[in-house]
Structure formats: structure tokens, C-alpha cells
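The file input.txt contains compact mmCIF, C-alpha atoms:
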# COMPACT_ATOMS: atom_id res chain seq x y z
CA GLN A 1 -25.51 -10.84 11.81
CA VAL A 2 -22.48 -12.26 10.07
CA GLN A 3 -19.49 -13.75 11.84
CA LEU A 4 -16.11 -14.04 10.13
CA VAL A 5 -13.17 -16.19 11.15
CA GLU A 6 -9.79 -15.90 9.45
CA SER A 7 -7.05 -18.50 9.38
CA GLY A 8 -3.77 -19.19 7.61
CA GLY A 9 -1.55 -16.35 8.74
CA GLY A 10 2.00 -16.94 9.90
CA SER A 11 5.65 -16.10 9.48
CA VAL A 12 7.44 -16.64 6.18
CA GLN A 13 10.58 -15.50 4.46
CA ALA A 14 10.52 -13.06 1.60
CA GLY A 15 9.49 -14.75 -1.61
CA GLY A 16 7.34 -17.27 0.20
CA SER A 17 3.62 -17.98 -0.01
CA LEU A 18 0.63 -18.38 2.25
CA ARG A 19 -3.02 -19.14 1.85
CA LEU A 20 -5.42 -17.17 4.02
CA SER A 21 -8.99 -18.33 4.50
CA CYS A 22 -12.08 -16.61 5.81
CA ALA A 23 -15.17 -18.53 6.86
CA ALA A 24 -18.47 -16.73 7.26
CA SER A 25 -21.37 -17.90 9.36
CA GLY A 26 -24.73 -16.53 10.37
CA ALA A 27 -26.68 -14.57 7.78
CA VAL A 28 -24.41 -15.56 4.87
CA GLY A 29 -27.25 -15.14 2.40
CA THR A 30 -27.11 -11.38 2.97
CA ILE A 31 -23.47 -11.07 1.88
CA SER A 32 -22.79 -9.36 -1.43
CA THR A 33 -19.05 -8.77 -1.35
CA MET A 34 -16.23 -10.25 0.68
CA GLY A 35 -12.65 -9.22 0.80
CA TRP A 36 -9.37 -8.75 2.56
CA HIS A 37 -7.86 -5.64 4.06
CA ARG A 38 -4.61 -5.28 5.91
CA GLN A 39 -3.14 -2.99 8.50
CA ALA A 40 0.56 -2.66 9.15
CA PRO A 41 1.80 -1.22 12.45
CA GLY A 42 1.29 2.53 12.55
CA LYS A 43 -0.51 2.62 9.22
CA GLN A 44 -4.11 2.82 8.07
CA ARG A 45 -6.11 -0.22 7.04
CA ASP A 46 -5.96 -0.70 3.28
CA MET A 47 -7.93 -2.80 0.83
CA VAL A 48 -6.04 -5.81 -0.50
CA ALA A 49 -8.62 -7.61 -2.61
CA VAL A 50 -12.38 -7.96 -2.85
CA ILE A 51 -14.66 -10.39 -4.64
CA SER A 52 -18.33 -9.94 -5.39
CA SER A 53 -21.10 -12.51 -5.28
CA THR A 54 -20.77 -12.78 -9.07
CA GLY A 55 -17.02 -13.37 -8.91
CA SER A 56 -15.78 -9.96 -9.95
CA THR A 57 -12.50 -9.04 -8.30
CA VAL A 58 -10.61 -5.87 -7.46
CA TYR A 59 -7.04 -5.73 -6.16
CA GLY A 60 -4.94 -3.10 -4.46
CA ASP A 61 -2.13 -1.81 -6.64
CA SER A 62 0.61 -3.14 -4.39
CA VAL A 63 -0.57 -6.76 -4.62
CA LYS A 64 -1.64 -7.07 -8.25
CA GLY A 65 0.01 -10.04 -9.88
CA ARG A 66 1.06 -11.55 -6.55
CA PHE A 67 -2.18 -12.12 -4.64
CA THR A 68 -5.27 -13.99 -5.82
CA ILE A 69 -8.66 -13.90 -4.14
CA SER A 70 -11.15 -16.68 -4.69
CA ARG A 71 -14.61 -17.57 -3.49
CA ASP A 72 -14.52 -21.21 -2.50
CA ASN A 73 -18.23 -21.39 -1.73
CA ALA A 74 -20.97 -19.15 -0.37
CA GLU A 75 -19.36 -19.06 3.06
CA THR A 76 -15.61 -19.12 2.41
CA ILE A 77 -13.08 -17.02 0.57
CA SER A 78 -9.35 -17.51 0.24
CA LEU A 79 -6.44 -15.25 -0.47
CA HIS A 80 -3.41 -16.83 -2.08
CA VAL A 81 -0.44 -14.63 -1.32
CA ASN A 82 2.71 -15.23 -3.33
CA LYS A 83 6.10 -13.57 -3.72
CA LEU A 84 5.73 -12.06 -0.28
CA LYS A 85 7.74 -9.00 0.63
CA PRO A 86 8.59 -7.54 4.04
CA ASP A 87 6.20 -4.68 3.19
CA ASP A 88 3.37 -7.23 3.17
CA THR A 89 3.78 -7.66 6.92
CA ALA A 90 0.46 -6.74 8.50
CA VAL A 91 -2.64 -8.06 10.17
CA TYR A 92 -4.98 -9.27 7.45
CA TYR A 93 -8.69 -8.77 8.08
CA CYS A 94 -11.62 -10.37 6.33
CA LYS A 95 -14.57 -8.12 5.58
CA ALA A 96 -18.09 -8.92 4.45
CA PHE A 97 -20.41 -6.32 2.96
CA THR A 98 -24.11 -7.05 2.81
CA PHE A 99 -26.78 -6.15 0.27
CA SER A 100 -28.33 -3.85 2.90
CA GLY A 101 -25.12 -1.86 3.29
CA ARG A 102 -23.75 -3.25 6.54
CA ASP A 103 -20.21 -4.45 6.92
CA TYR A 104 -18.65 -6.97 9.24
CA TRP A 105 -15.02 -7.63 10.15
CA GLY A 106 -13.13 -10.63 11.38
CA GLN A 107 -10.56 -10.52 14.17
CA GLY A 108 -7.62 -10.61 11.78
CA THR A 109 -4.76 -12.98 11.15
CA PRO A 110 -1.15 -11.77 11.30
CA VAL A 111 1.32 -12.20 8.47
CA THR A 112 5.00 -11.54 9.09
CA VAL A 113 7.50 -11.56 6.23
CA SER A 114 11.19 -11.56 7.07
CA SER A 115 13.92 -10.51 4.68
What do you get writing this file as C-alpha cells?
Amino acid sequence: QVQLVESGGGSVQAGGSLRLSCAASGAVGTISTMGWHRQAPGKQRDMVAVISSTGSTVYGDSVKGRFTISRDNAETISLHVNKLKPDDTAVYYCKAFTFSGRDYWGQGTPVTVSS
């Protein structure tokens, strides 16, 4: 089992920045990929950014050039979100995908961007 806890969400004005963090615990040695997804009210959950155990990254088209995902250590990833827009308002979820094909989700941290 893997447990994920997100932190760092909040309310900012457009153009601002935040740093989201996700700390994993439990069977962290089974994690292959970690990442961030987000879900705005009334919309589906979309991939924001993912990072593999080797450091490879993939970003959603809407955040390329503004968001940066990093793997701080084996248990923690961060998402640096810059040049925020009102459309970035959503609950941001951390996800861990294991080598055996299981996935785990955190509880989410809300981000609200005002114009």
C-alpha cells in the first residue's frame, strides 16, 4: 500500500505562483511513476504532469512552459506552478503508479486562481 499526502494549495491571483508537494509513505519502493492530475468543477480529471523513477517527465499541453514537476527524493515530488490562470483553478491530486500496475491517489489540494 502507498499513502499520498498533498500540500501547498491555496488561493492566488492570476499570474501568481505556488509550489505543490506530495509525500508518499508505505511501500514507496514499489512506485515507478508519480504525477499530478487536476479536476475542475464539472469537468473530468486531467493529467497535469508525471515523472518517472528515472526522471523522465510528461506535461499536459495546457501547462507546458508554466508548470515544472520535480522528484525531490524517493518519497516526495513537487509541482512548481507559475503564471497561473483562472482556468488552472481545480483540485490537484497526486497519483502514484507502481511497477505492478496499481495506482494510488491522494486526497487532493485545492488551487483557486482569481482574475
Selection as number ranges by chain: residues within 10 Å of (-27.5, -8.1, 10.2), counting all atoms listed in the file:
A: 1-3, 26-28, 30-31, 98, 100-104
Closest to A:Trp105 among A:Ala49, A:Leu18, A:Met34, A:Ala40, using all atoms listed in the file?
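When distances to A:Trp105 are compared using all atoms listed in the file, the smallest one comes from A:Met34.
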What's the 12 Å shell around A:Ser62, counting all atoms listed in the file, without same-chain residues fewer than 5 positions away, as a ChimeraX atom specification?
/A:38,46-49,67,81,83-85,87-88
Separation of atom CA of A:Cys22 from atom CA of A:Phe97, in Å and rounded to one decimal
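Spanning atom CA of A:Cys22 to atom CA of A:Phe97 is a straight-line distance of 13.5 Å.
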Pick out the residues sitting within 7 Å of A:Ser7, and hand them over as a ChimeraX atom specification; count all atoms listed in the file, and ignore anything fewer than 3 positions along from it in its own chain.
/A:20-22,109
Applying 9 Å and all atoms listed in the file, which residues near A:Thr68 remain after dropping the ones on its own chain fewer than 2 positions away? List them as a ChimeraX atom specification.
/A:49,59,63-66,70,78-82
Please measure the separation of atom CA of A:Ala74 and atom CA of A:Val91, giving the value in Å to one decimal.
23.9 Å
